[in-house]
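Below is one structure, written out as structure tokens, with a few remarks after it.
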Amino acid sequence: MNVLVVGGAGYIGSHMVKMLGKLGCRMTTLDNLSSGHRDAVLCGGFVQGDFGNQTLLDQVLARGFDAVMHFASFIQVGESLQHPDKYYQNNVVNTLNLLNAMRAHRVMRFIFSSTAAIFGEPQYTPIDERHPQQPINPYGRTKLMVEQALADYDKAYGLKSVCLRYFNAAGADPEGLLGERHDPETHLIPLVLQTASGHRPHISVFGRDYDTPDGTCIRDYIHINDLCSAHWQALQSLMRGADSQAYNLGNGNGFSVQEVINTVERVTGRKISLEYGPRRAGDPARLVADSRLAREKLGWTPQYPDLQTIVEHAWNWEQKVA
Ligand code: UDP
């Protein structure tokens with residue numbers, strides 16, 4: 001099998017490339033390194049360039065692939081509110097161009113990184129695939145638009161896809177070779193770990209007046225390798241001729257910001273200095289996935305479901321890069 005991994009130098013993409021390599025796949029990463037790292041691409045071919053560059057896309061796709069996995073998108077909710085142009089251009093326009101280039105080269109399988117943000121404010125939890133889709137920010141809307149386009153592309157052109165809606169991707173390569181390296185970092189677990197390692201003076205907790213047991217937001221943290229194994233199983237399902245499908249990916253267990261901080265204190269043996277700040281705009285109180293469909297249809301089972309292990313792997317990585 002030969003896979004084009006768009007955005008293979010980023011956090012999730014690089015773990016995916018490593019897993020594909022271990023599974024004996026051939027792959028090529030296409031990444032402009034705007035936020036990814038060349039040294040995170042541990043195997044396969046590498047092309048540095050923007051997937052919005054049509055000429056380059058044509059050249060790369062002409063090499064022949066069985067499928068494309070697409071990780072190259074902008075992911076910050078706040079930024080998407082300030083700069084929606086950037087989000088609609090990259091996450092929607094460039095992705096549609098990618099799909100059209102795939103069609104031209106008869107690459108008809110696509111694994112898409114979607115997000116829990118397509119659901120907007122939860123009407124119930126855990127969130128299953130039937131939950132209403134009402135994104136409340138441009139980021140979520142861009143992802144939903146691509147999901148909708150994919151359904152139309154399947155009907156009209158037979159392009160088969162799996163949309164994987166990530167809840168909170170977290171953790172790091174269990175072997176310690178890869179981890180999260182965003183700049184700027186905005187995600188909770190790496191920020192708390194950077195506080196533990198002394199690179200930040202404190203962690204700001206965004207709101208403690210939510211309707212949750214300890215007043216802080218609850219999220220469903222899913223280990224990066226478990227996310228990647230879902231991609232692998234999704235790819236295999238398409239190779240077997242399965243229909244297009246969308247899956248919610250999480251552990252089904254929610255942990256509050258406070259519980260994450262407590263877990264980091266336990267894992268690192270260090271006291272974390274906290275500062276309670278206002279709520280962050282657009283943060284729902286509770287986001288937890290119902291991933292039964294992925295378990296049933298893909299045979300997917302998270303290998304690292306407990307928060308302690310997720311934090312241990314992330315801490316192992318943080319100590320390497322600190
Ligand atoms: N959070 C926080 N302080 C931070 C960063 C995040 O309290 O410095 C909270 C945030 O409000 C949310 C949770 O941690 O409830 C996870 O946020 P993150 O940005 O990691 O992921 P998101 O849920 O936005 O995808």
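Quick note on naming: the chains in the structure tokens go A, B, ... in the order shown, residues restart at 1 in each chain, and ligands are numbered from 1 in order of appearance.
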Which residues come within 6 Å of Ala170 (chain A), counting only C-alpha atoms, excluding same-chain residues fewer than 3 positions away, as an mmCIF file with C-alpha atoms, in the first residue's frame?
```cif
data_model
loop_
_atom_site.group_PDB
_atom_site.id
_atom_site.type_symbol
_atom_site.label_atom_id
_atom_site.label_comp_id
_atom_site.auth_asym_id
_atom_site.auth_seq_id
_atom_site.Cartn_x
_atom_site.Cartn_y
_atom_site.Cartn_z
ATOM 1 C CA TYR A 221 -8.379 13.052 25.853
ATOM 2 C CA ILE A 222 -7.403 10.400 23.369
ATOM 3 C CA HIS A 223 -3.895 9.011 22.950
ATOM 4 C CA ILE A 224 -2.235 9.985 19.701
#
```
**Request:** Pull the helix (DSSP H, G or I) assignments for region 98-309 of chain A out of DSSP run on the backbone, and list those residues as an MDAnalysis selection string.
**Result:** chainID A and resid 98:104 116:118 138:157 188:196 224:239 257:268 292:298 307:309
Written file, previous selection with C-alpha atoms, as a short mmCIF file (atom, residue, chain, number, x, y, z; two decimals), in the first residue's frame:
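Result file selection.cif:
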```
data_model
loop_
_atom_site.label_atom_id
_atom_site.label_comp_id
_atom_site.auth_asym_id
_atom_site.auth_seq_id
_atom_site.Cartn_x
_atom_site.Cartn_y
_atom_site.Cartn_z
CA LEU A 98 -6.63 18.43 -3.19
CA LEU A 99 -9.75 16.31 -3.73
CA ASN A 100 -10.00 17.50 -7.34
CA ALA A 101 -6.34 16.69 -7.97
CA MET A 102 -6.89 13.25 -6.44
CA ARG A 103 -9.79 12.65 -8.82
CA ALA A 104 -7.64 13.69 -11.76
CA ALA A 116 -15.62 17.49 17.58
CA ALA A 117 -15.97 21.21 16.81
CA ILE A 118 -18.38 20.35 13.96
CA PRO A 138 -15.14 29.21 11.61
CA TYR A 139 -12.77 26.35 12.44
CA GLY A 140 -15.65 23.94 13.04
CA ARG A 141 -17.49 25.25 9.99
CA THR A 142 -14.51 24.67 7.70
CA LYS A 143 -14.28 21.06 8.81
CA LEU A 144 -18.02 20.49 8.45
CA MET A 145 -17.96 21.99 4.95
CA VAL A 146 -15.34 19.49 3.88
CA GLU A 147 -17.31 16.63 5.43
CA GLN A 148 -20.35 17.76 3.43
CA ALA A 149 -18.32 18.09 0.24
CA LEU A 150 -16.97 14.59 0.80
CA ALA A 151 -20.47 13.15 0.98
CA ASP A 152 -21.27 14.85 -2.34
CA TYR A 153 -17.99 13.73 -3.92
CA ASP A 154 -18.75 10.15 -2.98
CA LYS A 155 -22.22 10.28 -4.56
CA ALA A 156 -21.09 12.04 -7.72
CA TYR A 157 -17.57 10.72 -8.27
CA LEU A 188 -3.75 21.99 27.92
CA ILE A 189 -1.57 18.94 28.57
CA PRO A 190 1.67 20.26 27.00
CA LEU A 191 1.10 23.64 28.67
CA VAL A 192 0.72 22.03 32.11
CA LEU A 193 3.80 19.89 31.44
CA GLN A 194 5.78 22.97 30.41
CA THR A 195 4.76 24.47 33.73
CA ALA A 196 5.99 21.31 35.46
CA ILE A 224 -2.24 9.98 19.70
CA ASN A 225 -1.39 6.35 18.87
CA ASP A 226 -5.00 5.36 19.36
CA LEU A 227 -6.04 8.10 16.95
CA CYS A 228 -3.49 6.82 14.46
CA SER A 229 -4.63 3.21 14.79
CA ALA A 230 -8.16 4.39 13.95
CA HIS A 231 -6.76 5.97 10.76
CA TRP A 232 -5.09 2.70 9.88
CA GLN A 233 -8.28 0.74 10.44
CA ALA A 234 -10.26 3.32 8.49
CA LEU A 235 -7.83 3.01 5.60
CA GLN A 236 -8.09 -0.75 5.66
CA SER A 237 -11.89 -0.52 5.61
CA LEU A 238 -11.73 1.59 2.45
CA MET A 239 -9.24 -0.82 0.88
CA VAL A 257 -8.95 20.66 33.55
CA GLN A 258 -8.40 20.27 37.30
CA GLU A 259 -8.13 16.47 36.97
CA VAL A 260 -5.57 16.88 34.19
CA ILE A 261 -3.51 19.17 36.41
CA ASN A 262 -3.79 16.70 39.32
CA THR A 263 -2.64 13.87 37.03
CA VAL A 264 0.34 15.92 35.87
CA GLU A 265 1.28 16.57 39.50
CA ARG A 266 1.10 12.84 40.23
CA VAL A 267 3.11 11.82 37.14
CA THR A 268 5.80 14.48 37.45
CA ARG A 292 -19.07 2.93 19.77
CA LEU A 293 -19.52 3.15 16.01
CA ALA A 294 -15.74 3.14 15.41
CA ARG A 295 -15.38 0.23 17.81
CA GLU A 296 -18.17 -1.73 16.12
CA LYS A 297 -17.49 -0.98 12.46
CA LEU A 298 -13.71 -0.58 12.43
CA LEU A 307 -5.19 9.66 31.36
CA GLN A 308 -2.21 8.66 33.52
CA THR A 309 -0.53 6.82 30.59
#
```
**Item:** All residues 12 Å or closer to Leu4 (chain A), only C-alpha atoms, same chain fewer than 6 positions away omitted, as a PyMOL selection string
**Value:** chain A and resi 13+16-17+20+25-31+44-47+51+57+60-72+98+102+107-111+235
**Message:** Taking only C-alpha atoms and all ligand atoms and a cut-off of 10 Å, can you tell me which residues surround ligand 1, written as a ChimeraX atom specification?
**Reply:** /A:75-78,115-117,166-170,185-192,202-208,210,216-221,255-258,260-261,274-287
Limited to C-alpha atoms, could you put the picked residues into a file as a PDB file, in the first residue's frame?
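Result file is part_32.pdb:
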```
ATOM      1  CA  ILE A  75      -6.711  24.136  14.178  1.00  0.00           C
ATOM      2  CA  GLN A  76      -7.030  27.109  16.496  1.00  0.00           C
ATOM      3  CA  VAL A  77     -10.547  28.212  17.277  1.00  0.00           C
ATOM      4  CA  GLY A  78      -9.549  31.701  18.459  1.00  0.00           C
ATOM      5  CA  THR A 115     -13.126  17.493  14.728  1.00  0.00           C
ATOM      6  CA  ALA A 116     -15.617  17.493  17.584  1.00  0.00           C
ATOM      7  CA  ALA A 117     -15.973  21.214  16.805  1.00  0.00           C
ATOM      8  CA  TYR A 166     -11.035  13.963  16.929  1.00  0.00           C
ATOM      9  CA  PHE A 167     -11.911  14.960  20.432  1.00  0.00           C
ATOM     10  CA  ASN A 168      -8.723  15.972  22.338  1.00  0.00           C
ATOM     11  CA  ALA A 169      -5.623  14.428  20.769  1.00  0.00           C
ATOM     12  CA  ALA A 170      -2.989  14.023  23.469  1.00  0.00           C
ATOM     13  CA  GLU A 185       1.410  25.857  22.193  1.00  0.00           C
ATOM     14  CA  THR A 186      -2.251  26.237  23.094  1.00  0.00           C
ATOM     15  CA  HIS A 187      -3.181  22.739  24.283  1.00  0.00           C
ATOM     16  CA  LEU A 188      -3.746  21.993  27.919  1.00  0.00           C
ATOM     17  CA  ILE A 189      -1.565  18.936  28.573  1.00  0.00           C
ATOM     18  CA  PRO A 190       1.667  20.263  27.001  1.00  0.00           C
ATOM     19  CA  LEU A 191       1.099  23.643  28.674  1.00  0.00           C
ATOM     20  CA  VAL A 192       0.724  22.028  32.111  1.00  0.00           C
ATOM     21  CA  HIS A 202       1.967  28.928  35.850  1.00  0.00           C
ATOM     22  CA  ILE A 203      -0.995  27.483  33.996  1.00  0.00           C
ATOM     23  CA  SER A 204      -4.086  29.616  33.521  1.00  0.00           C
ATOM     24  CA  VAL A 205      -7.266  27.662  34.056  1.00  0.00           C
ATOM     25  CA  PHE A 206      -9.891  29.052  31.684  1.00  0.00           C
ATOM     26  CA  GLY A 207     -12.984  29.237  33.876  1.00  0.00           C
ATOM     27  CA  ARG A 208     -13.936  27.499  37.133  1.00  0.00           C
ATOM     28  CA  TYR A 210     -18.800  25.673  34.582  1.00  0.00           C
ATOM     29  CA  THR A 216     -13.621  23.349  35.175  1.00  0.00           C
ATOM     30  CA  CYS A 217     -14.200  22.129  31.607  1.00  0.00           C
ATOM     31  CA  ILE A 218     -14.376  18.444  30.836  1.00  0.00           C
ATOM     32  CA  ARG A 219     -12.710  17.000  27.736  1.00  0.00           C
ATOM     33  CA  ASP A 220     -12.144  13.560  26.257  1.00  0.00           C
ATOM     34  CA  TYR A 221      -8.379  13.052  25.853  1.00  0.00           C
ATOM     35  CA  PHE A 255     -11.563  14.587  32.557  1.00  0.00           C
ATOM     36  CA  SER A 256     -11.743  18.105  33.909  1.00  0.00           C
ATOM     37  CA  VAL A 257      -8.952  20.658  33.550  1.00  0.00           C
ATOM     38  CA  GLN A 258      -8.399  20.268  37.305  1.00  0.00           C
ATOM     39  CA  VAL A 260      -5.570  16.879  34.186  1.00  0.00           C
ATOM     40  CA  ILE A 261      -3.509  19.168  36.415  1.00  0.00           C
ATOM     41  CA  LEU A 274      -2.307  27.682  38.915  1.00  0.00           C
ATOM     42  CA  GLU A 275      -4.006  30.895  38.035  1.00  0.00           C
ATOM     43  CA  TYR A 276      -7.769  30.937  37.572  1.00  0.00           C
ATOM     44  CA  GLY A 277      -8.776  33.120  34.653  1.00  0.00           C
ATOM     45  CA  PRO A 278     -11.985  33.847  32.759  1.00  0.00           C
ATOM     46  CA  ARG A 279     -13.640  31.361  30.447  1.00  0.00           C
ATOM     47  CA  ARG A 280     -12.199  31.084  26.950  1.00  0.00           C
ATOM     48  CA  ALA A 281     -14.744  32.094  24.309  1.00  0.00           C
ATOM     49  CA  GLY A 282     -16.413  29.168  22.577  1.00  0.00           C
ATOM     50  CA  ASP A 283     -15.457  26.494  25.144  1.00  0.00           C
ATOM     51  CA  PRO A 284     -18.377  24.142  25.916  1.00  0.00           C
ATOM     52  CA  ALA A 285     -18.474  22.807  29.489  1.00  0.00           C
ATOM     53  CA  ARG A 286     -18.263  19.166  28.493  1.00  0.00           C
ATOM     54  CA  LEU A 287     -17.121  17.390  25.320  1.00  0.00           C
TER      55      LEU A 287
END
```
**Request:** Write down as JSON, numbers by chain the residues belonging to region 57-134 of chain A that are assigned strand (DSSP E or B) by DSSP computed on the backbone.
**Result:** {"A": [67, 68, 69, 70, 109, 110, 111, 112, 113, 114, 115, 127]}
**Item:** Shortest interatomic distance to Ser113 (chain A) - which of A:Ile127, A:Val288, A:Val93, A:Val5, counting only C-alpha atoms
**Value:** A:Val5
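Counting from CA of His105 (chain A), the distance to CA of Asp58 (chain A) is 8.0 Å.
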**Message:** Here is a test: counting only C-alpha atoms, which residue of A:Asn253, A:Glu312, A:Pro174, A:Arg270 is nearest to Thr125 (chain A)?
**Reply:** A:Asn253
**Asked** Ser34 (chain A): which residues within 10 Å, counting only C-alpha atoms, same-chain residues fewer than 6 positions away excluded, as number ranges by chain?
**Response** A: 7, 9-10, 49-50, 72
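Comparing the minimum interatomic distances between Glu129 (chain A) and each of A:Asp306, A:Thr301, A:Cys163, A:Leu33, counting only C-alpha atoms, we find that A:Cys163 sits nearest.
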**Message:** What does the structure give for the distance between CA of Val3 (chain A) and CA of Gly250 (chain A), in Å to one decimal?
**Reply:** 24.4 Å
